[in-house]
Structures are given as C-alpha cells and as structure tokens.
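The structure appears below as structure tokens.
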Amino acid sequence: MAPLGRYSAVLGRAPFTERKLVGTWNICAYGFPPLPRSFWTSLMSEAHDTTVYVTAGMSEYAMPVPPSKQKLYSPRIELMATLAGQSTAGPPDREDDISAWLLAIADNVLNSHSFIGVGHTLDFEERLAPDTEMTAFLFTPPVGVDERRLCRCTNAKAILNVVPITAAEINLARQESVEALIECLADSGVDPVFDCARKSAV
C-alpha cells in the first residue's frame, strides 16, 4: 500500500488536498479534514477532530545527523502540522499555504544538507504570509497522534510537528534557549498548532 493509503487508514479519512514538491526531491504533502466529534470516531481515527497535514517521501532521504547525535535525532523523518477545525486555506482554487510550507521546509533542509529534530528551529527570515507575524518554525513532538502508527506509513523513524513562530520568538531562543522559548509559549497559552494568526508571545 502506498503512503497515502496508509495515512488514510491511520487517520480514518481521505485527504482534501494533495501537493507535490517540484524539484529534486520526490515528496508530497497531504491535508486531512477533521471529522465530527464523537466517541466512535475518536476510537477509529487519529486526531479525528483536527485538520492534519503530513508529508510523505522526506524519510526516503536520510539527513546527515552526526553519529554522536543519532540517539537524539533520527535521520529519517516526516513533517506534520495540525490546526483546530477546518483548514484556513480558503477557496479550493487558492494555494494551500500549510502544505506548501511543509514542502518548503523539507526542500530547505535537504538542499542545505542539514538536519532538524525536536527543539530545533528554522528561520525563513520572511513573513510566511502578508498578514502574519510568523517568520520561522519550531519543531516539537507530534500532537494528538500515535507517532509509531504514522511512522509505519513511510520509512520515517520520527515525526516532527511544525509550529510557526515570530522573529521575536526565535530571537528569544537564540539569545537565551529553546527551553526559554517553550516556557514563554506555554505561559502565553500558545498551543503547538499551525496558527499564523496569533500574536507574538514575546
């Protein structure tokens, strides 16, 4: 079974969007809609009440994680993002910004021969959209899903959740620590979801 079929089985629904990275890397991003909240759907479907985006294919390419760090960071990952309710991508003919950004992250990491893991950040140094303060990303453990089940859909050994952050927030991580940033986000009630509409916590 192809990765899309496996993802659909784990998440309990078909995708509403599919996007392929143009260029060197054979990577796709899929978006899965939320399902009605109920006890039964929560048993059958991972993250049933949220919109879930996930990549397939990034794990085919091993990131150059130094041997000394491979106990902490896997060379083979996929990316995911979640948001409460339906996607905010707008009309069907509008480009899906979230899947596009997941693919842009994968492309950036693989082209730069770098690696990412939980607690890492990636700065694009530009607004992710005209009407947002977000310019960078923080990578966290997956939210609301069984990571092992999602990993079995591809060759991934880890799934990274993608959280947009502002220039001020990534500067806090650089000047103090990622732990200080995470504490600031938690104190401000920021959930680990893909929310480009929120205000900066710093």
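So you can find residues: chains in the structure tokens are A, B, ... in the order shown, residues in each start at 1, and ligands are numbered from 1 in order.
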Find the residues near A:Lys199: any atom within 9 Å, counting only C-alpha atoms, skip ones fewer than 5 places away on the same chain, and give them as a PyMOL selection string. chain A and resi 132-134+166
Using the chain letters and numbers from this document, which residues of stretch 19-201 of chain A does DSSP assign to alpha helix (DSSP H), as a ChimeraX atom specification? /A:39-44,97-111,147-151,167-175,178-187
For A:Ala62, which residue out of A:Tyr30, A:Phe115, A:Trp101, A:Phe124 is the nearest one, using only C-alpha atoms? A:Phe115
Which stretch 68-167 of chain A residues have any atom within 8 Å of an atom of stretch 3-18 of chain A, and for each, what is the nearest pair of atoms with distance in Å to one decimal, counting only C-alpha atoms, rows sorted by chain and number, as a tab-separated table?
```
residue	atom	partner	partner_atom	distance
A:Arg149	CA	A:Val10	CA	7.0
A:Leu150	CA	A:Tyr7	CA	6.9
A:Cys153	CA	A:Arg6	CA	5.2
A:Thr154	CA	A:Pro3	CA	5.9
```
Can I get the selected residues back with C-alpha atoms, as a compact mmCIF listing (two decimals), in the first residue's frame?
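Dumped everything to selection28.txt:
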```
# COMPACT_ATOMS: atom_id res chain seq x y z
CA ARG A 149 1.50 4.39 13.70
CA LEU A 150 2.26 7.39 11.49
CA CYS A 153 3.10 4.73 6.84
CA THR A 154 6.54 5.63 5.41
```
So that I can see what lies close to stretch 183-193 of chain A, please list as an MDAnalysis selection string the residues with an atom at most 7 Å from it, counting only C-alpha atoms and leaving out residues fewer than 6 positions away in the same chain. chainID A and resid 81:83 163 201
Residues as selected, all heavy atoms, written as a PDB file, in the first residue's frame, can you do that?
```
ATOM      1  N   ALA A  81       1.604  18.970  10.604  1.00  0.00           N
ATOM      2  CA  ALA A  81       1.063  20.185  11.210  1.00  0.00           C
ATOM      3  C   ALA A  81      -0.402  19.947  11.496  1.00  0.00           C
ATOM      4  O   ALA A  81      -1.079  19.218  10.768  1.00  0.00           O
ATOM      5  CB  ALA A  81       1.230  21.388  10.273  1.00  0.00           C
ATOM      6  N   THR A  82      -0.880  20.530  12.578  1.00  0.00           N
ATOM      7  CA  THR A  82      -2.290  20.398  12.923  1.00  0.00           C
ATOM      8  C   THR A  82      -2.881  21.772  13.200  1.00  0.00           C
ATOM      9  O   THR A  82      -2.171  22.710  13.553  1.00  0.00           O
ATOM     10  CB  THR A  82      -2.486  19.519  14.176  1.00  0.00           C
ATOM     11  OG1 THR A  82      -1.805  20.126  15.287  1.00  0.00           O
ATOM     12  CG2 THR A  82      -1.943  18.126  13.957  1.00  0.00           C
ATOM     13  N   LEU A  83      -4.176  21.878  13.007  1.00  0.00           N
ATOM     14  CA  LEU A  83      -4.891  23.079  13.411  1.00  0.00           C
ATOM     15  C   LEU A  83      -6.299  22.681  13.794  1.00  0.00           C
ATOM     16  O   LEU A  83      -6.833  21.681  13.314  1.00  0.00           O
ATOM     17  CB  LEU A  83      -4.916  24.134  12.295  1.00  0.00           C
ATOM     18  CG  LEU A  83      -5.600  23.809  10.978  1.00  0.00           C
ATOM     19  CD1 LEU A  83      -5.987  25.102  10.270  1.00  0.00           C
ATOM     20  CD2 LEU A  83      -4.672  23.032  10.064  1.00  0.00           C
ATOM     21  N   VAL A 163       5.510  24.193  14.162  1.00  0.00           N
ATOM     22  CA  VAL A 163       4.818  25.297  14.831  1.00  0.00           C
ATOM     23  C   VAL A 163       5.407  26.616  14.336  1.00  0.00           C
ATOM     24  O   VAL A 163       6.598  26.879  14.547  1.00  0.00           O
ATOM     25  CB  VAL A 163       4.965  25.210  16.365  1.00  0.00           C
ATOM     26  CG1 VAL A 163       4.240  26.379  17.039  1.00  0.00           C
ATOM     27  CG2 VAL A 163       4.437  23.883  16.879  1.00  0.00           C
ATOM     28  N   ALA A 201       4.265  35.904  21.343  1.00  0.00           N
ATOM     29  CA  ALA A 201       4.289  35.732  22.793  1.00  0.00           C
ATOM     30  C   ALA A 201       5.402  36.555  23.432  1.00  0.00           C
ATOM     31  O   ALA A 201       5.486  36.643  24.656  1.00  0.00           O
ATOM     32  CB  ALA A 201       4.469  34.264  23.136  1.00  0.00           C
TER      33      ALA A 201
END
```
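Separating atom CA of A:Ala168 from atom CA of A:Thr135 is a distance of 9.4 Å.
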